[in-house]
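The structure file start-v4.cif is reproduced below (mmCIF, C-alpha atoms).
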data_final
loop_
_atom_site.label_atom_id
_atom_site.label_comp_id
_atom_site.auth_asym_id
_atom_site.auth_seq_id
_atom_site.Cartn_x
_atom_site.Cartn_y
_atom_site.Cartn_z
CA MET A 1 64.47 116.47 152.97
CA LYS A 2 62.44 117.57 155.97
CA SER A 3 62.30 114.03 157.42
CA LYS A 4 66.06 113.60 157.01
CA LEU A 5 66.69 116.79 158.96
CA LEU A 6 64.26 115.67 161.66
CA LEU A 7 66.02 112.30 161.88
CA ALA A 8 69.37 114.02 162.30
CA LEU A 9 68.02 116.26 165.05
CA VAL A 10 66.45 113.32 166.87
CA SER A 11 69.70 111.38 166.60
CA ILE A 12 71.73 114.26 168.04
CA THR A 13 69.26 114.59 170.90
CA VAL A 14 69.56 110.86 171.63
CA ALA A 15 73.33 111.15 171.54
CA GLY A 16 73.02 113.85 174.18
CA THR A 17 71.68 111.51 176.87
CA ALA A 18 74.02 110.37 179.63
CA ALA A 19 74.32 106.82 178.31
CA ALA A 20 75.12 107.96 174.78
CA GLN A 21 77.58 110.52 176.15
CA ALA A 22 79.47 107.71 177.88
CA GLU A 23 79.56 105.76 174.63
CA TRP A 24 80.96 108.76 172.76
CA MET A 25 83.72 109.07 175.33
CA GLY A 26 85.33 105.96 173.86
CA LEU A 27 85.94 107.77 170.59
CA PRO A 28 89.42 109.22 170.04
CA PRO A 29 89.69 112.78 168.70
CA LEU A 30 89.39 112.98 164.95
CA TYR A 31 92.67 114.89 164.81
CA VAL A 32 94.37 111.52 164.38
CA THR A 33 92.93 111.31 160.89
CA MET A 34 94.28 114.63 159.68
CA ALA A 35 97.53 115.34 161.46
CA PRO A 36 100.40 113.53 163.18
CA ALA A 37 98.82 113.68 166.62
CA GLY A 38 96.99 110.42 167.05
CA THR A 39 95.71 109.94 170.52
CA ALA A 40 93.77 107.33 172.38
CA ALA A 41 94.18 109.19 175.67
CA ALA A 42 91.81 112.10 175.20
CA ARG A 43 88.15 111.50 174.33
CA VAL A 44 85.61 113.64 172.55
CA LYS A 45 82.09 114.87 173.16
CA PRO A 46 79.51 114.34 170.39
CA GLU A 47 79.39 118.03 169.45
CA ASP A 48 83.18 118.10 169.17
CA ALA A 49 83.15 115.00 166.96
CA ILE A 50 80.67 116.72 164.63
CA LYS A 51 82.71 119.93 164.48
CA ALA A 52 85.91 117.97 163.78
CA ALA A 53 84.23 115.83 161.12
CA ASN A 54 82.88 118.96 159.42
CA ALA A 55 86.31 120.63 159.48
CA ILE A 56 87.94 117.55 157.93
CA GLN A 57 85.25 117.43 155.25
CA VAL A 58 85.87 121.07 154.32
CA ILE A 59 89.65 120.52 154.24
CA ALA A 60 89.30 117.33 152.15
CA ASN A 61 87.27 119.29 149.60
CA SER A 62 89.47 122.40 149.66
CA GLY A 63 91.57 121.58 146.61
CA MET A 64 94.61 121.25 148.90
CA GLY A 65 96.43 119.29 146.20
CA ALA A 66 97.26 122.72 144.77
CA LEU A 67 99.58 123.21 147.75
CA ASN A 68 101.81 120.29 146.74
CA LEU A 69 103.37 121.48 143.52
CA PRO A 70 106.14 119.36 142.00
CA GLY A 71 109.46 120.67 143.27
CA THR A 72 108.28 121.65 146.74
CA HIS A 73 110.26 118.73 148.20
CA LYS A 74 113.40 120.66 147.26
CA GLY A 75 112.27 123.55 149.44
CA THR A 76 114.50 125.55 151.74
CA GLY A 77 111.91 127.68 153.51
CA TRP A 78 111.48 128.29 157.22
CA GLU A 79 110.79 124.63 157.98
CA LYS A 80 112.25 121.50 156.41
CA THR A 81 109.86 119.67 154.12
CA ARG A 82 108.67 116.23 155.24
CA VAL A 83 107.41 115.13 151.83
CA ARG A 84 109.37 112.45 149.96
CA PRO A 85 110.21 113.00 146.26
CA GLY A 86 108.15 109.87 145.45
CA PHE A 87 105.00 111.86 146.23
CA PHE A 88 105.48 113.69 142.93
CA THR A 89 106.31 110.66 140.79
CA ASN A 90 103.59 108.28 142.00
CA ARG A 91 100.65 110.44 140.93
CA ASP A 92 98.24 107.55 140.35
CA TRP A 93 98.79 106.23 143.87
CA VAL A 94 98.54 109.71 145.40
CA ASN A 95 95.40 110.63 143.43
CA LYS A 96 93.74 107.38 144.46
CA ALA A 97 94.51 108.05 148.13
CA ALA A 98 93.30 111.66 147.79
CA MET A 99 90.00 110.53 146.27
CA ALA A 100 89.53 107.91 148.99
CA PHE A 101 90.28 110.54 151.64
CA THR A 102 87.64 112.90 150.22
CA LYS A 103 85.05 110.11 149.90
CA GLU A 104 85.55 108.88 153.48
CA ALA A 105 85.67 112.45 154.85
CA ASN A 106 82.30 113.22 153.23
CA GLU A 107 80.90 110.02 154.70
CA MET A 108 82.38 110.83 158.12
CA ALA A 109 80.60 114.20 158.23
CA LYS A 110 77.30 112.40 157.53
CA VAL A 111 77.87 109.62 160.07
CA ALA A 112 79.12 111.90 162.88
CA GLY A 113 76.28 114.33 162.17
CA ALA A 114 73.76 111.51 162.57
CA GLY A 115 74.96 111.04 166.15
CA HIS A 116 75.90 107.35 166.21
CA PRO A 117 79.17 106.83 168.12
CA ALA A 118 79.76 103.21 167.04
CA ALA A 119 79.25 104.04 163.37
CA THR A 120 81.44 107.14 163.77
CA LYS A 121 84.24 105.05 165.28
CA GLU A 122 83.98 102.56 162.43
CA GLN A 123 84.05 105.37 159.86
CA LEU A 124 87.11 106.84 161.60
CA GLY A 125 88.95 103.64 160.69
CA LYS A 126 87.95 103.97 157.04
CA LEU A 127 88.94 107.64 157.00
CA SER A 128 92.30 106.93 158.65
CA ALA A 129 93.33 104.33 156.08
CA PRO A 130 94.08 106.69 153.14
CA CYS A 131 95.72 109.18 155.55
CA LYS A 132 98.02 106.53 157.03
CA GLY A 133 98.76 104.95 153.66
CA CYS A 134 99.99 108.20 152.18
CA HIS A 135 101.91 109.25 155.31
CA ASP A 136 103.62 105.84 155.56
CA ASP A 137 104.82 106.00 151.97
CA PHE A 138 105.49 109.68 151.38
CA ARG A 139 106.02 111.47 154.68
CA ILE A 140 109.52 111.63 156.13
CA LYS A 141 109.56 110.30 159.69
CA ASP A 142 111.05 112.27 162.58
CA MET B 1 80.04 144.10 141.13
CA LYS B 2 80.19 143.78 137.37
CA SER B 3 83.09 146.25 137.06
CA LYS B 4 85.02 144.42 139.80
CA LEU B 5 84.65 141.13 137.95
CA LEU B 6 85.76 142.78 134.73
CA LEU B 7 88.78 144.27 136.46
CA ALA B 8 89.74 140.87 137.83
CA LEU B 9 89.43 139.25 134.41
CA VAL B 10 91.51 141.99 132.79
CA SER B 11 94.16 141.61 135.49
CA ILE B 12 94.39 137.86 134.97
CA THR B 13 94.70 138.35 131.22
CA VAL B 14 97.52 140.84 131.75
CA ALA B 15 99.22 138.40 134.12
CA GLY B 16 99.09 135.84 131.31
CA THR B 17 101.49 137.75 129.06
CA ALA B 18 105.08 136.55 128.77
CA ALA B 19 106.49 139.45 130.80
CA ALA B 20 104.00 138.98 133.63
CA GLN B 21 104.61 135.21 133.57
CA ALA B 22 108.30 135.88 134.20
CA GLU B 23 107.39 138.14 137.12
CA TRP B 24 105.20 135.40 138.64
CA MET B 25 108.07 132.95 138.37
CA GLY B 26 109.78 134.77 141.25
CA LEU B 27 106.99 133.78 143.60
CA PRO B 28 107.61 130.74 145.81
CA PRO B 29 104.86 128.14 146.09
CA LEU B 30 102.22 129.04 148.64
CA TYR B 31 102.74 125.67 150.30
CA VAL B 32 105.30 127.41 152.50
CA THR B 33 102.47 129.24 154.25
CA MET B 34 100.52 126.17 155.22
CA ALA B 35 102.92 123.30 155.71
CA PRO B 36 106.57 122.61 156.56
CA ALA B 37 107.77 122.60 152.97
CA GLY B 38 108.94 126.13 152.30
CA THR B 39 110.79 126.42 149.07
CA ALA B 40 112.45 129.14 147.12
CA ALA B 41 113.64 126.68 144.49
CA ALA B 42 110.41 125.91 142.71
CA ARG B 43 108.27 128.70 141.26
CA VAL B 44 104.60 128.93 140.50
CA LYS B 45 102.42 129.86 137.54
CA PRO B 46 99.66 132.46 138.11
CA GLU B 47 96.88 129.87 137.84
CA ASP B 48 98.63 127.68 140.41
CA ALA B 49 99.02 130.63 142.78
CA ILE B 50 95.28 131.29 142.55
CA LYS B 51 94.39 127.64 143.18
CA ALA B 52 96.76 127.47 146.17
CA ALA B 53 95.46 130.74 147.62
CA ASN B 54 91.89 129.50 147.28
CA ALA B 55 92.74 126.20 149.00
CA ILE B 56 94.40 128.02 151.89
CA GLN B 57 91.40 130.32 152.24
CA VAL B 58 89.03 127.34 152.45
CA ILE B 59 91.27 125.59 155.00
CA ALA B 60 91.65 128.77 157.10
CA ASN B 61 87.85 129.04 157.26
CA SER B 62 87.23 125.31 157.85
CA GLY B 63 86.92 125.46 161.63
CA MET B 64 90.11 123.41 161.89
CA GLY B 65 90.53 124.53 165.51
CA ALA B 66 88.07 121.72 166.27
CA LEU B 67 90.86 119.28 165.40
CA ASN B 68 93.07 120.49 168.23
CA LEU B 69 91.19 119.42 171.33
CA PRO B 70 92.91 119.81 174.71
CA GLY B 71 94.67 116.56 175.50
CA THR B 72 95.65 115.66 171.96
CA HIS B 73 99.30 116.42 172.82
CA LYS B 74 99.22 113.29 175.01
CA GLY B 75 98.33 111.21 172.00
CA THR B 76 99.80 107.83 171.18
CA GLY B 77 98.29 107.22 167.75
CA TRP B 78 100.01 106.11 164.58
CA GLU B 79 102.24 109.20 164.45
CA LYS B 80 103.84 111.15 167.28
CA THR B 81 102.20 114.52 167.91
CA ARG B 82 104.29 117.61 167.18
CA VAL B 83 102.15 120.02 169.18
CA ARG B 84 103.55 121.41 172.45
CA PRO B 85 101.36 121.38 175.59
CA GLY B 86 101.58 125.20 175.66
CA PHE B 87 99.29 125.30 172.64
CA PHE B 88 96.40 124.40 174.95
CA THR B 89 97.27 126.79 177.78
CA ASN B 90 97.98 129.93 175.74
CA ARG B 91 94.53 130.21 174.19
CA ASP B 92 94.59 134.01 173.79
CA TRP B 93 97.84 133.89 171.84
CA VAL B 94 96.66 130.96 169.73
CA ASN B 95 93.25 132.51 169.00
CA LYS B 96 94.91 135.78 167.96
CA ALA B 97 97.22 133.92 165.58
CA ALA B 98 94.28 131.90 164.21
CA MET B 99 92.27 135.06 163.53
CA ALA B 100 95.25 136.72 161.84
CA PHE B 101 95.77 133.60 159.72
CA THR B 102 92.14 133.64 158.55
CA LYS B 103 92.19 137.39 157.82
CA GLU B 104 95.41 137.21 155.79
CA ALA B 105 94.26 134.03 153.99
CA ASN B 106 91.05 135.77 152.89
CA GLU B 107 93.08 138.75 151.69
CA MET B 108 95.53 136.43 149.88
CA ALA B 109 92.71 134.82 147.88
CA LYS B 110 91.60 138.29 146.77
CA VAL B 111 95.10 139.52 145.91
CA ALA B 112 96.19 136.35 144.05
CA GLY B 113 92.86 136.28 142.20
CA ALA B 114 93.45 139.83 141.01
CA GLY B 115 96.58 138.65 139.20
CA HIS B 116 99.26 140.95 140.64
CA PRO B 117 102.46 139.00 141.39
CA ALA B 118 104.19 141.72 143.42
CA ALA B 119 101.15 142.26 145.65
CA THR B 120 100.73 138.49 145.99
CA LYS B 121 104.33 138.11 147.11
CA GLU B 122 103.87 140.89 149.65
CA GLN B 123 100.66 139.29 150.94
CA LEU B 124 102.50 135.95 151.21
CA GLY B 125 104.74 137.58 153.80
CA LYS B 126 101.75 138.80 155.81
CA LEU B 127 100.10 135.37 155.60
CA SER B 128 103.29 133.56 156.62
CA ALA B 129 103.73 135.61 159.81
CA PRO B 130 100.93 134.03 161.89
CA CYS B 131 101.84 130.56 160.55
CA LYS B 132 105.49 130.93 161.51
CA GLY B 133 104.69 132.53 164.85
CA CYS B 134 102.51 129.64 165.94
CA HIS B 135 104.87 126.97 164.57
CA ASP B 136 107.88 128.58 166.26
CA ASP B 137 106.17 128.60 169.64
CA PHE B 138 104.01 125.49 169.61
CA ARG B 139 105.32 123.00 167.08
CA ILE B 140 107.96 120.51 168.14
CA LYS B 141 110.98 120.68 165.84
CA ASP B 142 112.47 117.62 164.16
#
Give the structure from the file, written as C-alpha coordinates.
Amino acid sequence: MKSKLLLALVSITVAGTAAAQAEWMGLPPLYVTMAPAGTAAARVKPEDAIKAANAIQVIANSGMGALNLPGTHKGTGWEKTRVRPGFFTNRDWVNKAAMAFTKEANEMAKVAGAGHPAATKEQLGKLSAPCKGCHDDFRIKD
Amino acid sequence: MKSKLLLALVSITVAGTAAAQAEWMGLPPLYVTMAPAGTAAARVKPEDAIKAANAIQVIANSGMGALNLPGTHKGTGWEKTRVRPGFFTNRDWVNKAAMAFTKEANEMAKVAGAGHPAATKEQLGKLSAPCKGCHDDFRIKD
(Lines of atoms letter the chains of each structure in order from A and count residues from 1; the text may use other names and numbers.)
(Lines give C-alpha, C1' and ligand atoms only; values in the text may rest on other atoms or scores of the structure.)
Protein backbone atom coordinates (compact mmCIF):
# COMPACT_ATOMS: atom_id res chain seq x y z
CA MET A 1 0.00 0.00 0.00
CA LYS A 2 2.76 2.35 1.09
CA SER A 3 4.94 1.51 -1.95
CA LYS A 4 2.02 2.06 -4.33
CA LEU A 5 1.43 5.53 -2.89
CA LEU A 6 5.14 6.31 -3.16
CA LEU A 7 5.16 5.16 -6.78
CA ALA A 8 2.21 7.42 -7.57
CA LEU A 9 3.91 10.39 -5.94
CA VAL A 10 7.15 9.75 -7.81
CA SER A 11 5.25 9.43 -11.07
CA ILE A 12 3.44 12.74 -10.53
CA THR A 13 6.74 14.43 -9.73
CA VAL A 14 8.26 13.05 -12.93
CA ALA A 15 5.24 14.25 -14.88
CA GLY A 16 5.92 17.70 -13.47
CA THR A 17 9.25 18.12 -15.29
CA ALA A 18 9.38 20.35 -18.36
CA ALA A 19 9.73 17.46 -20.80
CA ALA A 20 6.80 15.56 -19.32
CA GLN A 21 4.74 18.77 -19.24
CA ALA A 22 5.27 19.13 -22.99
CA GLU A 23 4.15 15.54 -23.51
CA TRP A 24 0.98 16.14 -21.48
CA MET A 25 0.17 19.14 -23.65
CA GLY A 26 -0.72 16.75 -26.47
CA LEU A 27 -3.61 15.36 -24.45
CA PRO A 28 -7.07 16.75 -25.22
CA PRO A 29 -9.30 17.73 -22.28
CA LEU A 30 -11.17 14.81 -20.80
CA TYR A 31 -14.42 16.71 -21.22
CA VAL A 32 -14.71 15.03 -24.62
CA THR A 33 -15.44 11.76 -22.86
CA MET A 34 -18.33 13.02 -20.78
CA ALA A 35 -20.08 15.77 -22.68
CA PRO A 36 -20.67 16.97 -26.24
CA ALA A 37 -17.67 19.28 -26.27
CA GLY A 38 -14.86 17.30 -27.80
CA THR A 39 -11.85 19.37 -28.48
CA ALA A 40 -8.42 18.82 -29.89
CA ALA A 41 -7.63 22.54 -29.74
CA ALA A 42 -7.15 23.07 -26.03
CA ARG A 43 -4.62 20.98 -24.09
CA VAL A 44 -4.43 20.01 -20.45
CA LYS A 45 -1.88 20.13 -17.66
CA PRO A 46 -1.23 16.90 -15.71
CA GLU A 47 -2.98 18.16 -12.57
CA ASP A 48 -6.04 19.09 -14.63
CA ALA A 49 -6.08 15.66 -16.27
CA ILE A 50 -6.08 14.04 -12.82
CA LYS A 51 -8.88 16.29 -11.54
CA ALA A 52 -10.97 15.60 -14.66
CA ALA A 53 -10.36 11.86 -14.47
CA ASN A 54 -11.39 11.84 -10.81
CA ALA A 55 -14.57 13.81 -11.56
CA ILE A 56 -15.52 11.38 -14.35
CA GLN A 57 -14.88 8.43 -12.05
CA VAL A 58 -17.18 9.88 -9.39
CA ILE A 59 -19.89 10.62 -11.97
CA ALA A 60 -19.59 7.14 -13.53
CA ASN A 61 -20.14 5.62 -10.09
CA SER A 62 -22.91 8.02 -9.04
CA GLY A 63 -25.86 5.80 -9.94
CA MET A 64 -26.81 8.31 -12.66
CA GLY A 65 -28.93 5.65 -14.36
CA ALA A 66 -31.58 6.66 -11.82
CA LEU A 67 -31.91 9.94 -13.72
CA ASN A 68 -33.08 8.21 -16.90
CA LEU A 69 -36.44 6.79 -15.92
CA PRO A 70 -38.60 5.26 -18.66
CA GLY A 71 -40.90 7.96 -19.99
CA THR A 72 -38.48 10.85 -19.63
CA HIS A 73 -38.14 10.99 -23.44
CA LYS A 74 -41.74 12.23 -23.52
CA GLY A 75 -40.75 15.18 -21.36
CA THR A 76 -41.93 18.73 -21.85
CA GLY A 77 -39.79 20.53 -19.29
CA TRP A 78 -37.68 23.65 -19.72
CA GLU A 79 -35.41 22.02 -22.31
CA LYS A 80 -36.23 19.51 -25.04
CA THR A 81 -34.98 16.01 -24.32
CA ARG A 82 -32.22 14.66 -26.57
CA VAL A 83 -32.70 11.02 -25.61
CA ARG A 84 -34.22 8.66 -28.19
CA PRO A 85 -37.06 6.32 -27.12
CA GLY A 86 -34.80 3.36 -28.03
CA PHE A 87 -32.71 4.13 -24.95
CA PHE A 88 -35.52 2.69 -22.82
CA THR A 89 -36.20 -0.40 -24.94
CA ASN A 90 -32.61 -1.56 -25.52
CA ARG A 91 -31.76 -2.08 -21.85
CA ASP A 92 -29.18 -4.82 -22.46
CA TRP A 93 -27.22 -2.63 -24.85
CA VAL A 94 -27.47 0.40 -22.56
CA ASN A 95 -26.49 -1.56 -19.44
CA LYS A 96 -23.48 -3.03 -21.23
CA ALA A 97 -22.34 0.45 -22.30
CA ALA A 98 -22.92 1.79 -18.78
CA MET A 99 -20.82 -0.98 -17.25
CA ALA A 100 -18.04 -0.42 -19.79
CA PHE A 101 -18.14 3.31 -19.05
CA THR A 102 -17.76 2.71 -15.30
CA LYS A 103 -14.95 0.18 -15.80
CA GLU A 104 -12.95 2.45 -18.12
CA ALA A 105 -13.60 5.52 -15.93
CA ASN A 106 -12.20 3.68 -12.89
CA GLU A 107 -9.18 2.66 -14.94
CA MET A 108 -8.75 6.22 -16.24
CA ALA A 109 -8.57 7.63 -12.70
CA LYS A 110 -5.79 5.12 -11.92
CA VAL A 111 -3.83 5.76 -15.13
CA ALA A 112 -4.10 9.57 -15.01
CA GLY A 113 -3.21 9.52 -11.31
CA ALA A 114 -0.06 7.54 -12.09
CA GLY A 115 1.14 10.44 -14.24
CA HIS A 116 1.81 8.74 -17.59
CA PRO A 117 0.55 10.92 -20.47
CA ALA A 118 0.83 8.27 -23.21
CA ALA A 119 -1.07 5.69 -21.15
CA THR A 120 -3.64 8.35 -20.21
CA LYS A 121 -4.19 9.21 -23.88
CA GLU A 122 -4.62 5.54 -24.73
CA GLN A 123 -7.09 5.08 -21.86
CA LEU A 124 -9.00 8.15 -23.07
CA GLY A 125 -9.73 6.23 -26.27
CA LYS A 126 -11.06 3.25 -24.31
CA LEU A 127 -13.17 5.53 -22.11
CA SER A 128 -14.56 7.42 -25.11
CA ALA A 129 -15.79 4.28 -26.87
CA PRO A 130 -18.81 3.50 -24.63
CA CYS A 131 -19.66 7.23 -24.45
CA LYS A 132 -19.64 7.62 -28.23
CA GLY A 133 -21.44 4.32 -28.82
CA CYS A 134 -24.36 5.31 -26.62
CA HIS A 135 -24.51 8.91 -27.92
CA ASP A 136 -24.42 7.74 -31.56
CA ASP A 137 -27.33 5.37 -31.03
CA PHE A 138 -29.50 7.11 -28.46
CA ARG A 139 -28.78 10.84 -28.44
CA ILE A 140 -30.71 13.08 -30.80
CA LYS A 141 -28.33 15.16 -32.92
CA ASP A 142 -28.62 18.94 -33.20
CA MET B 1 -28.28 10.45 15.41
CA LYS B 2 -30.30 7.37 16.24
CA SER B 3 -33.57 9.33 16.52
CA LYS B 4 -32.89 11.04 13.17
CA LEU B 5 -32.41 7.68 11.48
CA LEU B 6 -35.59 6.39 13.07
CA LEU B 7 -37.49 9.45 11.90
CA ALA B 8 -36.24 8.94 8.36
CA LEU B 9 -37.26 5.29 8.38
CA VAL B 10 -40.71 6.13 9.73
CA SER B 11 -41.12 8.82 7.07
CA ILE B 12 -40.21 6.42 4.28
CA THR B 13 -42.65 3.85 5.62
CA VAL B 14 -45.42 6.46 5.69
CA ALA B 15 -44.54 7.47 2.13
CA GLY B 16 -45.02 3.84 1.15
CA THR B 17 -48.76 3.83 1.89
CA ALA B 18 -51.19 4.00 -1.01
CA ALA B 19 -52.22 7.59 -0.28
CA ALA B 20 -48.64 8.82 -0.06
CA GLN B 21 -47.76 6.89 -3.23
CA ALA B 22 -50.46 8.83 -5.06
CA GLU B 23 -49.02 12.09 -3.74
CA TRP B 24 -45.54 11.14 -5.00
CA MET B 25 -46.97 10.43 -8.42
CA GLY B 26 -47.37 14.18 -8.93
CA LEU B 27 -43.63 14.66 -8.78
CA PRO B 28 -41.80 14.91 -12.11
CA PRO B 29 -38.61 12.89 -12.56
CA LEU B 30 -35.56 14.61 -11.13
CA TYR B 31 -33.83 14.21 -14.49
CA VAL B 32 -35.22 17.64 -15.34
CA THR B 33 -32.79 19.18 -12.86
CA MET B 34 -29.67 17.69 -14.34
CA ALA B 35 -30.18 17.21 -18.04
CA PRO B 36 -32.24 18.57 -20.95
CA ALA B 37 -35.08 16.11 -20.54
CA GLY B 38 -37.62 17.85 -18.36
CA THR B 39 -40.87 16.03 -18.22
CA ALA B 40 -44.17 16.49 -16.53
CA ALA B 41 -45.61 13.43 -18.27
CA ALA B 42 -43.83 10.66 -16.43
CA ARG B 43 -44.01 10.43 -12.63
CA VAL B 44 -41.72 8.87 -10.09
CA LYS B 45 -42.00 6.42 -7.21
CA PRO B 46 -40.55 7.48 -3.83
CA GLU B 47 -37.64 5.03 -4.08
CA ASP B 48 -36.78 6.36 -7.53
CA ALA B 49 -36.87 9.95 -6.27
CA ILE B 50 -34.40 9.02 -3.53
CA LYS B 51 -32.06 7.26 -5.95
CA ALA B 52 -32.18 10.20 -8.38
CA ALA B 53 -31.60 12.75 -5.61
CA ASN B 54 -28.62 10.75 -4.36
CA ALA B 55 -27.14 10.54 -7.87
CA ILE B 56 -27.50 14.30 -8.36
CA GLN B 57 -25.87 14.94 -4.99
CA VAL B 58 -22.87 12.78 -5.93
CA ILE B 59 -22.56 14.48 -9.33
CA ALA B 60 -22.87 17.97 -7.80
CA ASN B 61 -20.00 17.13 -5.44
CA SER B 62 -17.85 15.37 -8.07
CA GLY B 63 -15.63 18.32 -8.94
CA MET B 64 -17.17 18.34 -12.42
CA GLY B 65 -15.93 21.91 -12.94
CA ALA B 66 -12.63 20.24 -13.86
CA LEU B 67 -14.33 19.04 -17.05
CA ASN B 68 -14.92 22.58 -18.30
CA LEU B 69 -11.43 23.87 -18.96
CA PRO B 70 -11.05 27.23 -20.71
CA GLY B 71 -10.78 26.59 -24.43
CA THR B 72 -13.11 23.61 -24.57
CA HIS B 73 -15.68 25.77 -26.39
CA LYS B 74 -13.30 25.76 -29.38
CA GLY B 75 -13.50 21.99 -29.50
CA THR B 76 -13.81 19.93 -32.65
CA GLY B 77 -14.30 16.47 -31.17
CA TRP B 78 -16.92 13.89 -32.03
CA GLU B 79 -19.81 16.14 -30.96
CA LYS B 80 -20.20 19.89 -31.29
CA THR B 81 -19.85 21.74 -28.00
CA ARG B 82 -22.96 23.48 -26.66
CA VAL B 83 -21.13 25.74 -24.21
CA ARG B 84 -20.94 29.47 -24.99
CA PRO B 85 -17.56 31.27 -24.71
CA GLY B 86 -19.08 33.48 -21.98
CA PHE B 87 -19.02 30.49 -19.64
CA PHE B 88 -15.25 30.96 -19.35
CA THR B 89 -15.24 34.74 -18.93
CA ASN B 90 -18.03 35.07 -16.36
CA ARG B 91 -16.35 33.00 -13.66
CA ASP B 92 -18.00 34.78 -10.70
CA TRP B 93 -21.47 34.14 -12.09
CA VAL B 94 -20.65 30.54 -12.96
CA ASN B 95 -19.03 29.81 -9.58
CA LYS B 96 -22.04 31.28 -7.76
CA ALA B 97 -24.40 29.08 -9.77
CA ALA B 98 -22.18 26.03 -9.16
CA MET B 99 -22.16 26.64 -5.41
CA ALA B 100 -25.94 27.10 -5.37
CA PHE B 101 -26.34 23.88 -7.36
CA THR B 102 -24.24 21.92 -4.86
CA LYS B 103 -26.03 23.42 -1.84
CA GLU B 104 -29.51 22.67 -3.23
CA ALA B 105 -28.45 19.19 -4.40
CA ASN B 106 -27.24 18.34 -0.88
CA GLU B 107 -30.52 19.62 0.55
CA MET B 108 -32.51 17.66 -2.06
CA ALA B 109 -30.86 14.38 -1.02
CA LYS B 110 -31.88 15.09 2.58
CA VAL B 111 -35.45 16.11 1.74
CA ALA B 112 -36.13 13.24 -0.71
CA GLY B 113 -34.58 10.77 1.74
CA ALA B 114 -36.96 11.95 4.44
CA GLY B 115 -39.88 10.82 2.29
CA HIS B 116 -41.98 13.99 2.02
CA PRO B 117 -43.28 14.45 -1.54
CA ALA B 118 -44.49 18.05 -1.12
CA ALA B 119 -41.18 19.19 0.36
CA THR B 120 -39.30 17.27 -2.34
CA LYS B 121 -41.29 19.00 -5.06
CA GLU B 122 -40.58 22.38 -3.48
CA GLN B 123 -36.87 21.56 -3.22
CA LEU B 124 -36.90 20.48 -6.88
CA GLY B 125 -37.80 24.07 -7.76
CA LYS B 126 -34.89 25.43 -5.72
CA LEU B 127 -32.50 22.90 -7.28
CA SER B 128 -33.71 23.65 -10.81
CA ALA B 129 -33.07 27.40 -10.51
CA PRO B 130 -29.25 27.34 -10.71
CA CYS B 131 -29.40 24.66 -13.44
CA LYS B 132 -31.78 26.68 -15.57
CA GLY B 133 -29.95 29.95 -14.94
CA CYS B 134 -26.66 28.57 -16.19
CA HIS B 135 -28.21 26.73 -19.14
CA ASP B 136 -30.17 29.82 -20.20
CA ASP B 137 -27.05 31.98 -20.23
CA PHE B 138 -24.30 29.62 -21.31
CA ARG B 139 -25.75 26.66 -23.17
CA ILE B 140 -26.27 26.90 -26.90
CA LYS B 141 -29.87 26.08 -27.82
CA ASP B 142 -30.79 23.53 -30.48
Tell me, as a PDB file with C-alpha atoms, in the frame of the given file, which residues lie within 6 Å of stretch 122-139 of chain B, counting only C-alpha atoms; anything in the same chain fewer than 5 positions away does not count.
ATOM      1  CA  THR B  33     102.470 129.240 154.250  1.00  0.00           C
ATOM      2  CA  ARG B  82     104.290 117.610 167.180  1.00  0.00           C
ATOM      3  CA  VAL B  83     102.150 120.020 169.180  1.00  0.00           C
ATOM      4  CA  ARG B  84     103.550 121.410 172.450  1.00  0.00           C
ATOM      5  CA  PHE B  87      99.290 125.300 172.640  1.00  0.00           C
ATOM      6  CA  ALA B  97      97.220 133.920 165.580  1.00  0.00           C
ATOM      7  CA  PHE B 101      95.770 133.600 159.720  1.00  0.00           C
ATOM      8  CA  GLU B 104      95.410 137.210 155.790  1.00  0.00           C
ATOM      9  CA  MET B 108      95.530 136.430 149.880  1.00  0.00           C
TER      10      MET B 108
END
Identify which of the residues A:Thr89, A:Asn61, A:Thr81, A:Thr120 lies closest to chain B, counting all atoms listed in the file when measuring atom-to-atom distances. A:Thr81
Atomic separation - atom CA of B:Gly86 relative to atom CA of B:Ala100, Å: 19.1 Å
So, with only C-alpha atoms as the atoms that count, which of A:Gly113, A:Ala118, A:Val94, A:Lys141 lies closest to chain B?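 For chain B, the nearest of the given residues is A:Lys141.
Note on the selection: in this file the PyMOL selection byres ((chain B and resi 55) around 9) comes out as Ile59, Asn61, Ser62, Gly63, Met64, Gly65, Ala66 and Leu67 of chain A; Ile50, Lys51, Ala52, Ala53, Asn54, Ile56, Gln57, Val58, Ile59, Ala60 and Ala109 of chain B.
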In Å and to one decimal, atom CA of B:Asn95 is distant from atom CA of B:Lys121 by 25.2 Å
Under the rule that all atoms listed in the file are counted, which of B:Leu69, B:Ala98, B:Val111, B:Ala105 is the nearest residue to chain A?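 Smallest separation from chain A among the options: B:Leu69.
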May I ask for the distance between atom CA of B:Pro117 and atom CA of B:Pro46, given in Å to one decimal place? 7.8 Å
Between A:Met99, A:Ala119, A:Ile140, A:Ala112, which residue has the minimum interatomic distance to chain B, considering only C-alpha atoms? A:Ile140
Taking all atoms of stretch 99-112 of chain B that the file lists, what box with edges along x, y and z, padded by 5 Å per side, do you get, with centre and edge lengths in Å to one decimal, as JSON?
{"center_x": 93.6, "center_y": 136.6, "center_z": 153.8, "size_x": 15.1, "size_y": 15.9, "size_z": 29.5}
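Distance annotation: of B:Lys103, B:Asn68, B:Lys45, B:His116, the residue with the minimal separation from chain A is B:Asn68; atom set is all atoms listed in the file.
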